[in-house]
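Next comes final.cif, with mmCIF, C-alpha atoms.
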data_final
#
loop_
_atom_site.label_atom_id
_atom_site.label_comp_id
_atom_site.auth_asym_id
_atom_site.auth_seq_id
_atom_site.Cartn_x
_atom_site.Cartn_y
_atom_site.Cartn_z
CA MET W 178 99.75 85.00 176.92
CA LYS W 179 97.73 87.59 178.80
CA SER W 180 100.83 88.71 180.67
CA SER W 181 102.11 91.98 179.28
CA LEU W 182 105.68 90.81 179.74
CA ILE W 183 105.45 87.57 177.84
CA ARG W 184 104.30 89.16 174.63
CA PRO W 185 107.23 91.57 174.19
CA ALA W 186 109.61 88.80 175.17
CA LEU W 187 108.13 86.60 172.51
CA ALA W 188 108.40 89.37 169.94
CA LEU W 189 112.02 89.90 170.90
CA ALA W 190 112.75 86.22 170.56
CA LEU W 191 111.10 86.23 167.15
CA ALA W 192 113.13 89.25 166.06
CA ALA W 193 116.30 87.62 167.31
CA GLY W 194 115.42 84.52 165.36
CA LEU W 195 114.89 86.53 162.19
CA ALA W 196 118.08 88.47 162.70
CA GLY W 197 119.84 85.15 163.02
CA CYS W 198 118.77 84.34 159.51
CA GLY W 199 119.66 87.74 158.05
CA GLY W 200 122.94 88.27 159.82
CA SER W 201 122.02 91.70 161.14
CA ASP W 202 119.56 93.23 163.50
CA LYS W 203 118.48 95.86 160.91
CA ALA W 204 115.97 95.24 158.16
CA GLU W 205 117.91 94.72 154.97
CA PHE W 206 116.74 94.48 151.43
CA VAL W 207 118.30 92.67 148.52
CA VAL W 208 118.04 94.57 145.25
CA LYS W 209 117.06 91.90 142.77
CA GLY W 210 114.83 91.28 139.81
CA THR W 211 114.30 89.62 136.47
CA ILE W 212 115.08 90.65 132.90
CA THR W 213 113.48 88.96 129.92
CA GLY W 214 114.47 89.15 126.27
CA ILE W 215 118.24 89.41 126.56
CA VAL W 216 119.90 88.03 123.44
CA TYR W 217 123.21 89.85 123.18
CA PRO W 218 125.98 90.53 125.73
CA GLY W 219 126.87 93.95 127.07
CA ALA W 220 124.20 94.59 129.72
CA VAL W 221 125.38 96.36 132.87
CA LEU W 222 122.96 97.31 135.63
CA THR W 223 123.76 99.88 138.28
CA THR W 224 122.26 101.20 141.51
CA ASN W 225 123.57 102.69 144.79
CA GLY W 226 127.17 102.65 143.62
CA MET W 227 127.04 98.99 142.59
CA GLU W 228 127.36 97.52 139.12
CA ILE W 229 126.64 94.06 137.80
CA ALA W 230 127.21 92.69 134.31
CA ILE W 231 124.48 90.47 132.93
CA ALA W 232 125.33 87.80 130.38
CA PRO W 233 122.75 86.54 127.88
CA PRO W 234 121.04 83.29 128.92
CA ALA W 235 121.76 79.98 127.21
CA THR W 236 118.32 80.16 125.62
CA PRO W 237 118.21 83.59 123.98
CA GLY W 238 115.53 85.77 125.53
CA ALA W 239 114.84 83.51 128.52
CA PRO W 240 114.34 85.27 131.88
CA VAL W 241 117.55 86.16 133.71
CA ASN W 242 117.54 86.77 137.47
CA PHE W 243 119.91 89.34 138.90
CA GLU W 244 120.88 90.34 142.42
CA PHE W 245 123.14 93.18 143.57
CA PRO W 246 125.88 92.17 146.02
CA ASN W 247 125.23 94.70 148.82
CA LYS W 248 121.94 94.91 150.68
CA LEU W 249 120.07 98.15 151.28
CA GLU W 250 118.68 99.37 154.58
CA TYR W 251 115.13 100.38 155.22
CA GLY W 252 114.51 103.78 153.65
CA ASP W 253 117.39 103.66 151.16
CA VAL W 254 116.38 104.82 147.71
CA TYR W 255 117.38 102.61 144.80
CA ASN W 256 117.31 103.37 141.11
CA VAL W 257 118.25 100.33 139.06
CA VAL W 258 119.10 101.46 135.54
CA PHE W 259 121.15 100.19 132.64
CA LYS W 260 124.62 101.67 132.59
CA SER W 261 124.78 99.94 129.24
CA GLU W 262 122.08 97.97 127.49
CA PRO W 263 122.75 94.64 125.76
CA ASN W 264 124.38 95.24 122.38
CA ASN W 265 121.79 96.05 119.71
CA GLN W 266 118.98 95.92 122.23
CA ALA W 267 116.83 98.40 124.14
CA CYS W 268 115.46 97.65 127.60
CA PHE W 269 112.35 98.99 129.27
CA THR W 270 109.66 98.20 131.80
CA PRO W 271 107.47 95.44 130.31
CA GLN W 272 104.14 96.44 128.80
CA ASN W 273 101.21 96.66 131.21
CA THR W 274 103.59 96.68 134.16
CA ILE W 275 104.13 99.50 136.63
CA PRO W 276 107.78 100.65 136.59
CA ASN W 277 109.44 99.46 139.80
CA PHE W 278 113.15 100.11 139.25
CA ASN W 279 113.13 103.31 141.29
CA ASP W 280 111.70 103.07 144.81
CA THR W 281 112.46 103.10 148.52
CA ALA W 282 113.66 99.95 150.25
CA GLY W 283 111.05 98.76 152.71
CA ARG W 284 108.01 100.21 150.98
CA LEU W 285 107.35 96.71 149.73
CA ALA W 286 108.32 93.55 151.56
CA GLU W 287 110.57 92.51 148.71
CA ILE W 288 112.33 94.26 145.84
CA ALA W 289 111.55 92.52 142.56
CA ILE W 290 112.43 94.68 139.56
CA THR W 291 111.18 93.71 136.12
CA TYR W 292 112.81 94.70 132.85
CA ALA W 293 112.33 93.51 129.30
CA CYS W 294 114.77 93.91 126.43
CA ALA W 295 114.01 93.88 122.72
CA VAL W 296 116.34 93.66 119.75
CA ASP W 297 116.67 96.96 117.88
CA PRO W 298 114.40 97.31 114.84
CA TYR W 299 115.47 98.96 111.59
CA SER W 300 113.62 99.79 108.42
CA ILE W 301 114.28 98.46 104.92
CA GLY W 302 113.65 100.23 101.64
CA GLY W 303 115.28 101.78 98.63
CA THR W 304 114.52 103.47 95.36
CA ILE W 305 112.35 102.50 92.42
CA THR W 306 113.45 103.59 88.96
CA GLY W 307 111.46 103.48 85.73
CA LEU W 308 108.05 102.68 87.21
CA THR W 309 105.34 103.81 84.76
CA ALA W 310 102.38 101.61 85.72
CA ASP W 311 100.40 100.50 88.75
CA GLY W 312 100.45 97.02 90.21
CA LEU W 313 103.92 96.68 91.72
CA VAL W 314 103.87 94.76 95.00
CA LEU W 315 107.08 94.02 96.89
CA ALA W 316 107.30 91.45 99.67
CA ASN W 317 109.83 90.69 102.37
CA GLY W 318 109.35 86.95 102.68
CA SER W 319 106.22 85.56 104.28
CA THR W 320 106.18 87.51 107.52
CA GLY W 321 107.91 90.79 106.70
CA GLY W 322 104.93 92.44 105.07
CA THR W 323 104.26 93.74 101.59
CA ILE W 324 104.25 97.17 100.05
CA THR W 325 102.13 98.22 97.09
CA VAL W 326 103.70 100.94 95.00
CA THR W 327 101.56 102.97 92.63
CA LYS W 328 103.04 104.72 89.66
CA PRO W 329 104.43 108.15 90.43
CA ALA W 330 102.16 111.13 89.85
CA ALA W 331 102.59 113.00 86.59
CA GLY W 332 105.61 115.25 86.75
CA VAL W 333 107.38 113.21 89.41
CA THR W 334 110.66 111.99 88.05
CA THR W 335 111.85 108.62 89.19
CA PRO W 336 113.57 107.28 91.21
CA ILE W 337 110.99 107.33 93.96
CA THR W 338 111.76 105.96 97.42
CA TYR W 339 109.90 103.30 99.37
CA THR W 340 110.11 101.85 102.88
CA PHE W 341 108.44 98.71 104.25
CA ALA W 342 106.04 99.33 107.13
CA GLY W 343 107.35 96.41 109.15
CA PRO W 344 110.76 96.68 110.78
CA VAL W 345 113.52 94.09 110.54
CA LEU W 346 115.33 93.25 113.76
CA PHE W 347 119.11 93.42 114.04
CA GLY W 348 120.68 90.11 113.05
CA THR W 349 117.58 88.93 111.17
CA THR W 350 117.67 88.24 107.44
CA TYR W 351 115.53 89.99 104.89
CA GLY W 352 114.86 89.28 101.26
CA VAL W 353 112.79 91.55 99.06
CA THR W 354 111.15 90.05 95.98
CA VAL W 355 108.62 91.25 93.44
CA LEU W 356 105.32 89.63 94.41
CA SER W 357 103.38 91.28 91.61
CA GLN W 358 104.80 93.06 88.55
CA PRO W 359 103.35 96.36 87.35
CA THR W 360 101.16 96.13 84.27
CA GLY W 361 103.33 95.76 81.18
CA GLN W 362 106.59 96.06 83.08
CA VAL W 363 109.20 93.79 84.63
CA CYS W 364 110.99 94.94 87.77
CA THR W 365 114.16 93.51 89.27
CA VAL W 366 115.53 94.03 92.76
CA ALA W 367 119.17 94.83 93.54
CA ASN W 368 120.71 94.17 96.96
CA ALA W 369 117.58 92.14 97.65
CA ALA W 370 118.78 90.05 100.58
CA ASP W 371 121.11 90.46 103.52
CA THR W 372 121.32 90.21 107.29
CA MET W 373 120.23 93.34 109.15
CA GLY W 374 123.04 95.39 110.62
CA ALA W 375 122.81 98.36 112.97
CA ALA W 376 121.34 100.88 110.53
CA ASN W 377 118.32 101.36 108.33
CA VAL W 378 118.72 99.75 104.91
CA THR W 379 118.01 102.07 101.97
CA ASN W 380 119.75 100.35 99.09
CA ILE W 381 117.20 97.71 98.06
CA ASN W 382 116.77 99.35 94.68
CA VAL W 383 114.13 98.30 92.19
CA THR W 384 114.48 98.90 88.45
CA CYS W 385 111.50 98.51 86.14
CA VAL W 386 111.56 98.18 82.37
CA ALA W 387 108.96 97.43 79.72
CA ALA W 388 108.03 93.76 79.57
CA PRO W 389 109.39 91.98 76.46
CA SER W 390 106.56 91.58 73.99
CA MET P 740 58.80 103.52 122.90
CA ASP P 741 59.94 107.12 123.46
CA GLN P 742 56.36 108.24 123.92
CA LEU P 743 55.74 105.53 126.43
CA LEU P 744 58.89 106.48 128.30
CA ALA P 745 57.87 110.12 128.39
CA LYS P 746 54.44 109.15 129.64
CA TRP P 747 55.86 106.98 132.40
CA THR P 748 58.40 109.60 133.39
CA LYS P 749 55.78 112.32 133.52
CA MET P 750 53.46 110.14 135.50
CA LEU P 751 56.21 109.41 137.99
CA SER P 752 57.23 113.03 138.37
CA ASP P 753 53.58 114.04 138.82
CA PHE P 754 53.36 111.42 141.49
CA SER P 755 56.45 112.76 143.33
CA ILE P 756 55.10 116.31 143.21
CA LEU P 757 51.80 115.06 144.50
CA THR P 758 53.38 113.18 147.37
CA ALA P 759 55.68 116.08 148.20
CA GLN P 760 52.90 118.64 148.21
CA LEU P 761 50.14 116.74 149.88
CA ARG P 762 52.26 114.92 152.45
CA PHE P 763 50.21 111.77 152.42
CA PRO P 764 50.24 109.80 155.61
CA ALA P 765 52.86 107.08 155.47
CA ARG P 766 50.24 104.39 155.50
CA PHE P 767 48.57 105.76 152.43
CA PHE P 768 51.94 106.14 150.70
CA GLY P 769 52.66 102.52 151.48
CA ASP P 770 49.38 101.51 149.97
CA VAL P 771 50.09 103.52 146.86
CA MET P 772 53.53 101.93 146.44
CA LYS P 773 51.92 98.54 146.58
CA SER P 774 50.24 99.34 143.31
CA SER P 775 52.10 97.33 140.70
CA TYR P 776 51.34 100.07 138.19
CA LEU P 777 53.36 102.66 140.08
CA ARG P 778 56.11 100.25 141.06
CA ALA P 779 56.72 99.36 137.45
CA GLY P 780 56.83 103.07 136.70
CA ALA P 781 59.41 103.67 139.38
CA ALA P 782 61.55 100.81 138.11
CA LEU P 783 61.38 102.18 134.60
CA ALA P 784 62.34 105.66 135.76
CA CYS P 785 65.33 104.18 137.57
CA ALA P 786 66.37 102.38 134.41
CA VAL P 787 66.04 105.61 132.44
CA ALA P 788 68.17 107.44 135.00
CA LEU P 789 70.84 104.71 134.88
CA SER P 790 71.01 104.65 131.13
CA ALA P 791 71.52 108.40 131.19
CA CYS P 792 74.63 107.83 133.32
CA GLY P 793 76.13 104.98 131.32
CA GLY P 794 74.00 102.44 129.54
CA SER P 795 74.88 101.83 125.94
CA ASP P 796 77.09 104.88 125.76
CA GLY P 797 79.63 104.01 128.45
CA GLN P 798 83.13 105.14 129.22
CA LEU P 799 85.16 101.93 129.32
CA VAL P 800 87.13 100.36 126.48
CA LEU P 801 86.53 96.68 125.73
CA GLY P 802 89.35 95.15 123.74
CA GLY P 803 92.73 93.48 123.80
CA ASN P 804 95.33 92.03 121.48
CA PHE P 805 95.11 89.81 118.43
CA ALA P 806 97.58 87.60 116.61
CA GLY P 807 97.60 85.43 113.51
CA VAL P 808 95.21 87.59 111.53
CA THR P 809 96.40 87.71 107.92
CA LYS P 810 93.08 87.97 106.12
CA THR P 811 89.85 89.86 106.50
CA GLY P 812 86.86 87.98 107.83
CA LEU P 813 87.42 88.02 111.59
CA VAL P 814 84.38 89.59 113.25
CA LEU P 815 83.85 89.67 117.02
CA THR P 816 80.58 90.37 118.81
CA ASN P 817 79.59 91.46 122.28
CA GLY P 818 75.86 91.70 122.72
CA GLY P 819 74.69 93.66 119.71
CA GLN P 820 78.09 95.15 118.93
CA GLU P 821 80.31 93.93 116.15
CA LYS P 822 83.96 94.57 115.44
CA ALA P 823 85.80 93.48 112.33
CA ILE P 824 89.52 92.94 112.84
CA ASN P 825 91.50 93.42 109.67
CA PRO P 826 95.08 92.32 109.07
CA PRO P 827 97.56 95.08 109.88
CA ALA P 828 99.59 96.59 107.05
CA ASP P 829 102.92 95.60 108.53
CA GLY P 830 102.26 91.93 107.81
CA SER P 831 102.74 90.89 111.43
CA GLY P 832 99.16 89.66 111.73
CA ALA P 833 99.16 91.04 115.26
CA GLY P 834 98.04 94.19 117.00
CA SER P 835 95.53 95.58 119.45
CA TRP P 836 91.79 95.97 118.99
CA ALA P 837 88.76 97.44 120.76
CA PHE P 838 85.05 97.72 120.15
CA ASP P 839 84.06 101.11 118.73
CA ASN P 840 81.40 101.64 121.39
CA LEU P 841 82.34 101.94 125.03
CA ILE P 842 80.83 99.87 127.83
CA SER P 843 79.91 100.92 131.35
CA THR P 844 81.21 100.02 134.77
CA ASP P 845 79.73 96.72 135.93
CA ASP P 846 78.57 95.79 132.44
CA ARG P 847 78.92 92.12 131.77
CA TYR P 848 80.61 91.28 128.49
CA ASN P 849 80.98 88.12 126.50
CA VAL P 850 83.07 88.37 123.35
CA GLU P 851 82.28 85.76 120.73
CA PHE P 852 83.13 85.03 117.11
CA LYS P 853 80.66 86.04 114.48
CA SER P 854 83.01 84.86 111.75
CA LYS P 855 86.60 83.73 111.33
CA PRO P 856 88.98 84.29 108.40
CA SER P 857 88.86 81.52 105.80
CA ASN P 858 92.59 80.83 106.01
CA VAL P 859 92.82 79.73 109.63
CA SER P 860 92.62 76.30 111.19
CA ASP P 861 91.00 77.95 114.21
CA CYS P 862 90.80 81.06 116.39
CA THR P 863 90.47 81.28 120.18
CA ILE P 864 89.52 84.03 122.62
CA GLU P 865 91.22 84.28 125.98
CA ASN P 866 89.37 86.12 128.81
CA ALA P 867 86.30 86.35 126.59
CA SER P 868 83.82 87.19 129.31
CA GLY P 869 83.72 89.10 132.53
CA ARG P 870 82.40 92.18 134.23
CA ALA P 871 83.93 95.56 133.51
CA GLY P 872 85.55 97.16 136.54
CA TYR P 873 87.80 99.35 134.48
CA HIS P 874 88.97 99.49 130.86
CA VAL P 875 89.24 95.93 129.55
CA TYR P 876 92.40 95.34 127.54
CA THR P 877 92.69 91.62 128.21
CA VAL P 878 90.55 89.98 125.54
CA TYR P 879 93.20 88.13 123.54
CA VAL P 880 92.26 86.72 120.14
CA THR P 881 94.65 84.25 118.58
CA CYS P 882 94.21 82.70 115.15
CA THR P 883 96.25 79.77 113.94
CA PRO P 884 96.59 79.79 110.18
CA ASN P 885 96.75 76.83 107.85
CA PHE P 886 100.39 76.29 106.93
CA ARG P 887 101.86 75.23 103.58
CA ALA P 888 105.29 73.72 102.96
CA LEU P 889 107.75 75.77 100.88
CA SER P 890 110.37 73.74 99.05
CA GLY P 891 112.19 73.52 95.75
CA THR P 892 115.04 72.08 93.73
CA ILE P 893 118.67 73.14 93.23
CA GLY P 894 120.80 72.41 90.19
CA ASN P 895 124.61 72.36 89.92
CA LEU P 896 125.48 73.76 93.35
CA LYS P 897 129.26 73.59 93.95
CA GLY P 898 129.63 75.75 97.04
CA GLU P 899 127.78 77.13 100.04
CA LEU P 900 124.53 78.92 99.22
CA VAL P 901 122.26 80.84 101.61
CA LEU P 902 118.61 81.23 100.62
CA VAL P 903 116.16 83.46 102.45
CA ASN P 904 112.43 83.89 102.56
CA GLY P 905 112.41 87.15 104.50
CA SER P 906 113.47 86.40 108.06
CA ASP P 907 113.69 82.66 107.38
CA ASN P 908 116.98 81.40 105.98
CA VAL P 909 118.60 78.12 105.06
CA THR P 910 122.25 77.33 104.30
CA LEU P 911 122.91 74.71 101.62
CA GLN P 912 126.15 72.91 100.86
CA ALA P 913 127.73 71.81 97.59
CA GLY P 914 125.82 68.99 95.96
CA ALA P 915 122.46 69.82 97.52
CA THR P 916 119.65 69.13 95.09
CA SER P 917 116.68 70.32 97.10
CA PHE P 918 115.83 72.72 99.88
CA LYS P 919 113.01 73.30 102.31
CA MET P 920 112.13 76.60 103.99
CA ALA P 921 109.89 77.20 107.00
CA ASN P 922 106.19 76.66 106.35
CA VAL P 923 104.18 79.58 105.03
CA ALA P 924 100.78 80.59 106.34
CA GLU P 925 97.95 80.32 103.82
CA ASP P 926 97.40 83.58 101.94
CA SER P 927 100.80 84.90 102.99
CA PRO P 928 103.29 85.84 100.29
CA TYR P 929 106.63 84.15 99.90
CA GLY P 930 109.72 85.28 98.09
CA VAL P 931 112.83 83.17 97.94
CA SER P 932 115.99 85.11 97.22
CA ILE P 933 119.71 84.56 97.53
CA LEU P 934 121.48 86.01 100.53
CA ARG P 935 124.91 84.60 99.73
CA GLN P 936 126.10 83.16 96.44
CA PRO P 937 128.51 80.21 96.40
CA ALA P 938 132.14 81.08 95.65
CA ASP P 939 132.77 81.32 91.90
CA GLN P 940 129.15 80.58 91.04
CA THR P 941 126.04 82.57 90.36
CA CYS P 942 122.68 81.09 91.23
CA THR P 943 119.30 82.35 90.08
CA VAL P 944 115.86 81.62 91.47
CA SER P 945 112.84 80.97 89.30
CA ASN P 946 109.23 80.72 90.50
CA GLY P 947 110.66 82.31 93.63
CA SER P 948 107.73 84.42 94.64
CA GLY P 949 104.01 84.07 94.96
CA THR P 950 101.25 83.67 97.49
CA ALA P 951 100.59 80.47 99.41
CA ARG P 952 97.11 79.14 98.71
CA GLN P 953 95.48 75.79 99.40
CA SER P 954 98.42 73.54 98.62
CA ASP P 955 102.12 73.17 99.37
CA ILE P 956 104.63 75.08 97.23
CA SER P 957 107.26 72.88 95.60
CA ASN P 958 108.04 74.53 92.29
CA VAL P 959 110.77 76.96 93.39
CA SER P 960 113.85 76.23 91.34
CA VAL P 961 117.43 77.39 91.93
CA THR P 962 120.01 76.98 89.18
CA CYS P 963 123.70 77.69 89.59
CA THR P 964 126.31 78.39 86.90
CA PRO P 965 128.90 77.67 85.78
#
As structure tokens, how would this structure be written, given the file I've shared?
Amino acid sequence: MKSSLIRPALALALAAGLAGCGGSDKAEFVVKGTITGIVYPGAVLTTNGMEIAIAPPATPGAPVNFEFPNKLEYGDVYNVVFKSEPNNQACFTPQNTIPNFNDTAGRLAEIAITYACAVDPYSIGGTITGLTADGLVLANGSTGGTITVTKPAAGVTTPITYTFAGPVLFGTTYGVTVLSQPTGQVCTVANAADTMGAANVTNINVTCVAAPS
Amino acid sequence: MDQLLAKWTKMLSDFSILTAQLRFPARFFGDVMKSSYLRAGAALACAVALSACGGSDGQLVLGGNFAGVTKTGLVLTNGGQEKAINPPADGSGAGSWAFDNLISTDDRYNVEFKSKPSNVSDCTIENASGRAGYHVYTVYVTCTPNFRALSGTIGNLKGELVLVNGSDNVTLQAGATSFKMANVAEDSPYGVSILRQPADQTCTVSNGSGTARQSDISNVSVTCTP
């Protein structure tokens, strides 16, 4: 191994062996990665003139591996972005992760892009008519949060508007009920329950009247 | 304590001036440093200098995420510091947290419970202890609440009915006489309402809303007419 000829020969043999695996004598890089959170169809990824459609996994949200058909050469710049996101979802680099969708092939030994997709959130709310006392608390089920509505300030004419702090995801149900009635009043909720569509909901209207004595 | 510190510091600085000015022979200096009195002083001065750089008033965040917190009462400690984690307004029970005071590089930390909310079966801390190299955002606190069953009765249902409790929903067929929703965490509200009425019928819910306490909820009643 001390011979200066043997070492290059060995290196050459090694390179030839590697090239045999890869099918080319140039370093080539597969553009691939993983996306988590996909629930709906419609995702199309693109880079370097290539496009691939990504179907939702059998288990909604489970990690999906992707791989572009053509390999890149050392030094090629790639920028893997969504030509279209999954329907009703937004995709981004996962939290606490360094974005790695835009880089130069060969800077790292392997390209492994990470994306995460989340279902679009929308707000729910509506108007409140006839509220003249404090104590009204509305709830959206057990996990959708509550909102406490105080009586409007003097001079403010009802209806007033309200919006829950917590969002409701597309395709998820919501149901607003009166958790606590205002003092001396009874409130009812119209359009209380539905399945979230692709827009904020503003028609969950509450009407309050004097409690029957 | 402050007076003592000042005294020590002054003594040490006097000593440095003295040594600088008089240029004691090394041997004498060595002898002087052997004095435990002066060595303690030097150590104290070092500690003072270090605390000026970081000490209790550091520059690194110590915190992380929490989940399952739906009631006040969760208090974390690290050394003498305390941090109460209150349930977020959005009802998710989850969010991020951090101690109000910062820690310093190389500080060891060990986050422990001082108290837990009364409505949980237990809480755990992941990555509770370590040594700060940079901001610490990895102390994860997870509480598991006590859960209560949510169920009720249905009268006179002649078609398909969809009930919801917020994001939880259940579809019931004609003839059903009872229903069961997903369990509700203790101290969480519930509110059963109708997402879809059966064809040609109108159903109403009574005792549909409330707050889960120490027992299961079974008194929700749905009645359909005609």
Residue list for chain W near chain P as a PyMOL selection string, 9 Å, all atoms listed in the file: chain W and resi 316-324+341-345+349-357+368-372
Interatomic distance, CA of Asn958 in chain P to CA of Pro389 in chain W (Å, one decimal): 23.6 Å
To test your reading of the syntax: which residues would the PyMOL selection byres ((chain P and resi 861) around 6) return for the file shown? Reply as an mmCIF file with C-alpha atoms, in the coordinates of the input.
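Result file is result.cif:
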data_model
loop_
_atom_site.group_PDB
_atom_site.id
_atom_site.type_symbol
_atom_site.label_atom_id
_atom_site.label_comp_id
_atom_site.auth_asym_id
_atom_site.auth_seq_id
_atom_site.Cartn_x
_atom_site.Cartn_y
_atom_site.Cartn_z
ATOM 1 C CA VAL P 859 92.820 79.730 109.630
ATOM 2 C CA SER P 860 92.620 76.300 111.190
ATOM 3 C CA CYS P 862 90.800 81.060 116.390
ATOM 4 C CA CYS P 882 94.210 82.700 115.150
ATOM 5 C CA THR P 883 96.250 79.770 113.940
#
Picked residues, the PyMOL selection byres ((chain W and resi 303-310) around 12), expected as number ranges by chain: W: 300-302, 311-315, 325-341, 353, 355, 357-369, 377-388
Selected residues written out, C-alpha atoms, as a PDB file, keeping the file's coordinate frame:
ATOM      1  CA  SER W 300     113.620  99.790 108.420  1.00  0.00           C
ATOM      2  CA  ILE W 301     114.280  98.460 104.920  1.00  0.00           C
ATOM      3  CA  GLY W 302     113.650 100.230 101.640  1.00  0.00           C
ATOM      4  CA  ASP W 311     100.400 100.500  88.750  1.00  0.00           C
ATOM      5  CA  GLY W 312     100.450  97.020  90.210  1.00  0.00           C
ATOM      6  CA  LEU W 313     103.920  96.680  91.720  1.00  0.00           C
ATOM      7  CA  VAL W 314     103.870  94.760  95.000  1.00  0.00           C
ATOM      8  CA  LEU W 315     107.080  94.020  96.890  1.00  0.00           C
ATOM      9  CA  THR W 325     102.130  98.220  97.090  1.00  0.00           C
ATOM     10  CA  VAL W 326     103.700 100.940  95.000  1.00  0.00           C
ATOM     11  CA  THR W 327     101.560 102.970  92.630  1.00  0.00           C
ATOM     12  CA  LYS W 328     103.040 104.720  89.660  1.00  0.00           C
ATOM     13  CA  PRO W 329     104.430 108.150  90.430  1.00  0.00           C
ATOM     14  CA  ALA W 330     102.160 111.130  89.850  1.00  0.00           C
ATOM     15  CA  ALA W 331     102.590 113.000  86.590  1.00  0.00           C
ATOM     16  CA  GLY W 332     105.610 115.250  86.750  1.00  0.00           C
ATOM     17  CA  VAL W 333     107.380 113.210  89.410  1.00  0.00           C
ATOM     18  CA  THR W 334     110.660 111.990  88.050  1.00  0.00           C
ATOM     19  CA  THR W 335     111.850 108.620  89.190  1.00  0.00           C
ATOM     20  CA  PRO W 336     113.570 107.280  91.210  1.00  0.00           C
ATOM     21  CA  ILE W 337     110.990 107.330  93.960  1.00  0.00           C
ATOM     22  CA  THR W 338     111.760 105.960  97.420  1.00  0.00           C
ATOM     23  CA  TYR W 339     109.900 103.300  99.370  1.00  0.00           C
ATOM     24  CA  THR W 340     110.110 101.850 102.880  1.00  0.00           C
ATOM     25  CA  PHE W 341     108.440  98.710 104.250  1.00  0.00           C
ATOM     26  CA  VAL W 353     112.790  91.550  99.060  1.00  0.00           C
ATOM     27  CA  VAL W 355     108.620  91.250  93.440  1.00  0.00           C
ATOM     28  CA  SER W 357     103.380  91.280  91.610  1.00  0.00           C
ATOM     29  CA  GLN W 358     104.800  93.060  88.550  1.00  0.00           C
ATOM     30  CA  PRO W 359     103.350  96.360  87.350  1.00  0.00           C
ATOM     31  CA  THR W 360     101.160  96.130  84.270  1.00  0.00           C
ATOM     32  CA  GLY W 361     103.330  95.760  81.180  1.00  0.00           C
ATOM     33  CA  GLN W 362     106.590  96.060  83.080  1.00  0.00           C
ATOM     34  CA  VAL W 363     109.200  93.790  84.630  1.00  0.00           C
ATOM     35  CA  CYS W 364     110.990  94.940  87.770  1.00  0.00           C
ATOM     36  CA  THR W 365     114.160  93.510  89.270  1.00  0.00           C
ATOM     37  CA  VAL W 366     115.530  94.030  92.760  1.00  0.00           C
ATOM     38  CA  ALA W 367     119.170  94.830  93.540  1.00  0.00           C
ATOM     39  CA  ASN W 368     120.710  94.170  96.960  1.00  0.00           C
ATOM     40  CA  ALA W 369     117.580  92.140  97.650  1.00  0.00           C
ATOM     41  CA  ASN W 377     118.320 101.360 108.330  1.00  0.00           C
ATOM     42  CA  VAL W 378     118.720  99.750 104.910  1.00  0.00           C
ATOM     43  CA  THR W 379     118.010 102.070 101.970  1.00  0.00           C
ATOM     44  CA  ASN W 380     119.750 100.350  99.090  1.00  0.00           C
ATOM     45  CA  ILE W 381     117.200  97.710  98.060  1.00  0.00           C
ATOM     46  CA  ASN W 382     116.770  99.350  94.680  1.00  0.00           C
ATOM     47  CA  VAL W 383     114.130  98.300  92.190  1.00  0.00           C
ATOM     48  CA  THR W 384     114.480  98.900  88.450  1.00  0.00           C
ATOM     49  CA  CYS W 385     111.500  98.510  86.140  1.00  0.00           C
ATOM     50  CA  VAL W 386     111.560  98.180  82.370  1.00  0.00           C
ATOM     51  CA  ALA W 387     108.960  97.430  79.720  1.00  0.00           C
ATOM     52  CA  ALA W 388     108.030  93.760  79.570  1.00  0.00           C
TER      53      ALA W 388
END
Near-Thr213 in chain W list (10 Å; only C-alpha atoms; drop same-chain fewer than 4 positions) as JSON, numbers by chain: {"W": [233, 234, 237, 238, 239, 240, 241, 242, 268, 271, 291, 292, 293, 294, 295]}
Straight-line distance linking CA of Glu244 in chain W with CA of Thr274 in chain W, stated in Å to one decimal: 20.2 Å
Do a neighbour search on Gly914 in chain P at 8 Å with all atoms listed in the file, toss out local chain neighbours closer than 4 positions, and write the hits as a short mmCIF file (atom, residue, chain, number, x, y, z; two decimals) with C-alpha atoms, in the coordinates of the input.
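Contents of out.cif, as written:
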data_model
loop_
_atom_site.label_atom_id
_atom_site.label_comp_id
_atom_site.auth_asym_id
_atom_site.auth_seq_id
_atom_site.Cartn_x
_atom_site.Cartn_y
_atom_site.Cartn_z
CA ASN P 895 124.61 72.36 89.92
CA LEU P 896 125.48 73.76 93.35
CA LYS P 897 129.26 73.59 93.95
CA GLY P 898 129.63 75.75 97.04
#
Atomic distance CA of Asn885 in chain P - CA of Ala867 in chain P, expressed in Å with one decimal: 23.5 Å
Take the PyMOL selection byres ((chain W and resi 210) around 10), run it mentally on this structure, and tell me the resulting residues as a short mmCIF file (atom, residue, chain, number, x, y, z; two decimals) with C-alpha atoms, keeping the file's coordinate frame.
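As a result, out_6.cif now contains:
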data_model
loop_
_atom_site.label_atom_id
_atom_site.label_comp_id
_atom_site.auth_asym_id
_atom_site.auth_seq_id
_atom_site.Cartn_x
_atom_site.Cartn_y
_atom_site.Cartn_z
CA VAL W 207 118.30 92.67 148.52
CA VAL W 208 118.04 94.57 145.25
CA LYS W 209 117.06 91.90 142.77
CA THR W 211 114.30 89.62 136.47
CA ILE W 212 115.08 90.65 132.90
CA PRO W 240 114.34 85.27 131.88
CA VAL W 241 117.55 86.16 133.71
CA ASN W 242 117.54 86.77 137.47
CA PHE W 243 119.91 89.34 138.90
CA GLU W 244 120.88 90.34 142.42
CA PHE W 245 123.14 93.18 143.57
CA VAL W 257 118.25 100.33 139.06
CA ASN W 277 109.44 99.46 139.80
CA PHE W 278 113.15 100.11 139.25
CA GLU W 287 110.57 92.51 148.71
CA ILE W 288 112.33 94.26 145.84
CA ALA W 289 111.55 92.52 142.56
CA ILE W 290 112.43 94.68 139.56
CA THR W 291 111.18 93.71 136.12
CA TYR W 292 112.81 94.70 132.85
#
